[in-house]
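Let me begin by presenting the structure, written as C-alpha cells, before commenting on it.
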Amino acid sequence: MRDMVEIGMGRTARRTYELDDIDIVPSRRTRSSKQVSLAWQLDAYRFEIPFLAHPTDALVSPRFAIELGKAGGLGVINGEGLWARHADVESKIQQLTEVAEKEGTEAAVALLQQLHAAPMQADLLAAAVGEVRAAGVTTAVRVSPQNARALTPALVQAGIDLLVVHGTIISAEHVGDGEPLNLKTFIAELDVPVVAGGVSDHRTALHLMRTGAAGVIVGYGSMQGATTTGEVLGIGVPMATAIADAAAARRDYLDETGGRYVHVIADGDILTSGHIAKAIACGADAVMLGVPLTLASEAPGRGWYWPSAAAHPSVPRGAVLPYGIDEERVSLDQVLNGPSNDPFGSLNLVGGLRRSMAKTGYCDLKEFQKVGLNIRA
C-alpha cells in the first residue's frame with residue numbers, strides 16, 4: 001500500500017524517499033569481492049562496469065569517452081553540445097571556467113548560452129564520433145527529443161552504436177511546433193538501439209518501455225546546481241522512489257511482453273560509491289555519473305561541472321559549479337578503481353560497489369537488486 005499523507009483538507013501526497021533515506025541490509029552470507037561481477041549488457045553491447053557518463057561537455061570529450069570505454073563503461077557525447085558547434089572546444093571550456101571563477105555562475109551560464117547559440121555542424125560531430133569509434137569502444141551520442149528527428153540520420157551515418165534520447169523530462173510522444181516525435185515509430189525505424197529518459201514515475205517509464213527503447217533513464221541528473229527538480233519547474237521525485245517505480249514498470253513490461261527486458265539507468269543524486277550501491281539495490285541496472293567523475297584529470301571541465309540543461313537559451317536549469325577544483329585531480333582509472341585515500345566514497349567507485357555486493361553476499365547486479373533495504377527513521 002502506498003504511503004499517503006494529507007497535506008491539507010482534501011489533498012494528499014505520496015511519501016517518497018531519497019537515496020540518503022535508505023540503507024542496504026546485511027545478509028547472512030558474505031563473499032570475496034573478487035567473486036563479484038559488475039558486468040551488464042545493453043542490447044548487443046556488453047559493459048564490464050555499470051557506469052555511464054552524463055552527457056555534458058564538462059565530462060565527455062571524445063578522449064574521455066574512449067578512456068571510460070576502455071575501462072568498461074560508456075561515455076555519452078552531448079550531440080547538441082560544444083563538440084557539435086566549435087572546433088576549439090577545449091579553449092571554449094577554459095574560457096567558461098575562467099568566467100565562472102572570476103565572475104560567478106550567472107555570468108558563466110550566460111556565456112554557456114552564447115556558446116550554444118553557435119550553429120551545430122554535422123562534420124564536427126561526425127569527427128567526434130569517428131574518433132571514439134576508431135578507438136574500438138562503444139559509441140553513444142545524446143540528442144534531445146526536440147532535435148532527435150533532425151540529428152539522428154547524420155549520427156547513424158557517422159557510425160554510432162547507441163542513441164540516447166535524453167531530456168530533463170520526456171515522454172513517449174513529444175508534441176512540438178512541427179510533427180510530434182512519436183518515439184515508438186522513431187525507434188522502430190532505426191537500426192541502432194535507443195536509450196530514452198529521463199522519467200521519474202511508473203506510468204511514464206512503462207510508456208517509454210513500450211516504445212521499444214532498450215533502456216530507460218530515471219531521474220533528472222539532479223544534484224546541487226541542477227535546478228530542474230526544485231527552483232525552476234518544481235517537479236521532482238526522490239531517486240530511491242523513482243528507481244523502485246521504474247523497476248516495477250520493468251517487471252510489469254517483462255510480464256506484458258513475455259520476456260522483453262528493458263534496462264533501468266539511474267541518473268540523479270549519485271555522488272559516492274554508497275549511492276551507486278543503493279541505486280542498484282533499488283532496482284537500477286546501471287548508473288549515469290556526473291559529479292563523481294569531475295575528479296578525473298581526463299574530464300575537460302577541469303573540476304567544474306554543469307548539466308546539459310544549463311545551456312538552455314531561455315530557461316537554464318543548472319549552474320556551472322566547482323566540484324573538483326579544490327581537490328587533487330587524479331586519473332579516471334583511480335576514480336574508478338583506486339587506490340583511494342578518501343574515506344567518503346568519492347574514489348574507487350568500482351571497488352566500493354564490489355564490496356557492498358560482497359558484504360551482502362551477492363555475486364552479480366541482478367541478484368543484488370533483491371537485497372533488503374531499511375528506511376532511516
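Residues in the C-alpha cells are named by chain (A, B, ... in the order shown) and by number from 1 within that chain; ligands are numbered from 1 in the order shown.
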Among segment 268-326 of chain A, which residues carry a DSSP assignment of strand (DSSP E or B), reported as number ranges by chain? A: 268, 286-289, 296, 304-305, 321-322
Between A:Ile243, A:Leu190, A:Val195, A:Val320, which one has atoms that come closest to Ser144 of chain A, using only C-alpha atoms?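 Once distances to Ser144 of chain A are computed over only C-alpha atoms, the minimum belongs to A:Val195.
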I'd like the contact shell of segment 338-340 of chain A - 10 Å cut-off, only C-alpha atoms, skipping same-chain residues fewer than 5 positions apart - returned as a list in words. Val330, Ser331, Leu332, Asp333, Gly345, Ser346, Leu347, Asn348, Leu349, Val350, Gly351 and Gly352 of chain A
Among listed residues A:Val291, A:Ala266, A:Ile280, A:Val156, nearest Tyr305 of chain A (using only C-alpha atoms):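 Once distances to Tyr305 of chain A are computed over only C-alpha atoms, the minimum belongs to A:Val291.
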Near segment 25-40 of chain A, counting only C-alpha atoms, which residues have an atom at most 7 Å away, once you skip same-chain residues fewer than 5 positions from it, shown as a list in words? Arg46, Phe47, Glu48, Ile49, Pro50, Arg354, Arg355, Ala358, Lys359, Thr360, Gly361, Cys363, Asp364, Leu365, Val371, Gly372, Leu373 and Asn374 of chain A
Same residues, N, CA and C atoms, saved as an mmCIF file, in the first residue's frame:
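Full text of out.cif as output:
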data_model
loop_
_atom_site.group_PDB
_atom_site.id
_atom_site.type_symbol
_atom_site.label_atom_id
_atom_site.label_comp_id
_atom_site.auth_asym_id
_atom_site.auth_seq_id
_atom_site.Cartn_x
_atom_site.Cartn_y
_atom_site.Cartn_z
ATOM 1 N N ARG A 46 28.137 -5.277 -24.380
ATOM 2 C CA ARG A 46 28.473 -5.691 -23.018
ATOM 3 C C ARG A 46 29.409 -4.673 -22.386
ATOM 4 N N PHE A 47 29.154 -4.367 -21.124
ATOM 5 C CA PHE A 47 29.981 -3.436 -20.368
ATOM 6 C C PHE A 47 30.417 -4.113 -19.073
ATOM 7 N N GLU A 48 31.670 -3.902 -18.712
ATOM 8 C CA GLU A 48 32.216 -4.576 -17.531
ATOM 9 C C GLU A 48 31.872 -3.854 -16.235
ATOM 10 N N ILE A 49 31.508 -2.587 -16.308
ATOM 11 C CA ILE A 49 31.078 -1.846 -15.125
ATOM 12 C C ILE A 49 29.789 -1.100 -15.466
ATOM 13 N N PRO A 50 28.875 -0.942 -14.496
ATOM 14 C CA PRO A 50 27.558 -0.352 -14.801
ATOM 15 C C PRO A 50 27.539 1.166 -14.705
ATOM 16 N N ARG A 354 31.680 -3.156 -5.523
ATOM 17 C CA ARG A 354 32.029 -4.571 -5.364
ATOM 18 C C ARG A 354 31.931 -5.013 -3.904
ATOM 19 N N ARG A 355 32.483 -4.194 -3.016
ATOM 20 C CA ARG A 355 32.497 -4.580 -1.602
ATOM 21 C C ARG A 355 31.095 -4.558 -0.995
ATOM 22 N N ALA A 358 29.639 -7.739 -2.117
ATOM 23 C CA ALA A 358 30.297 -8.868 -1.470
ATOM 24 C C ALA A 358 29.897 -8.984 0.002
ATOM 25 N N LYS A 359 29.811 -7.839 0.692
ATOM 26 C CA LYS A 359 29.468 -7.853 2.112
ATOM 27 C C LYS A 359 28.033 -8.305 2.365
ATOM 28 N N THR A 360 27.197 -8.232 1.344
ATOM 29 C CA THR A 360 25.816 -8.704 1.492
ATOM 30 C C THR A 360 25.593 -10.039 0.788
ATOM 31 N N GLY A 361 26.665 -10.600 0.224
ATOM 32 C CA GLY A 361 26.593 -11.964 -0.273
ATOM 33 C C GLY A 361 26.144 -12.144 -1.703
ATOM 34 N N CYS A 363 26.566 -11.916 -5.972
ATOM 35 C CA CYS A 363 27.652 -12.107 -6.926
ATOM 36 C C CYS A 363 27.460 -11.358 -8.233
ATOM 37 N N ASP A 364 26.253 -10.851 -8.509
ATOM 38 C CA ASP A 364 26.056 -10.082 -9.731
ATOM 39 C C ASP A 364 24.980 -9.029 -9.507
ATOM 40 N N LEU A 365 24.845 -8.137 -10.471
ATOM 41 C CA LEU A 365 23.968 -6.985 -10.316
ATOM 42 C C LEU A 365 22.502 -7.374 -10.191
ATOM 43 N N VAL A 371 18.460 -7.322 -2.649
ATOM 44 C CA VAL A 371 18.961 -7.111 -1.296
ATOM 45 C C VAL A 371 17.913 -6.360 -0.469
ATOM 46 N N GLY A 372 17.915 -6.613 0.852
ATOM 47 C CA GLY A 372 16.999 -5.932 1.722
ATOM 48 C C GLY A 372 17.351 -4.468 1.919
ATOM 49 N N LEU A 373 16.340 -3.642 2.182
ATOM 50 C CA LEU A 373 16.539 -2.206 2.396
ATOM 51 C C LEU A 373 15.849 -1.756 3.675
ATOM 52 N N ASN A 374 16.438 -0.790 4.335
ATOM 53 C CA ASN A 374 15.850 -0.134 5.502
ATOM 54 C C ASN A 374 15.548 1.325 5.174
#
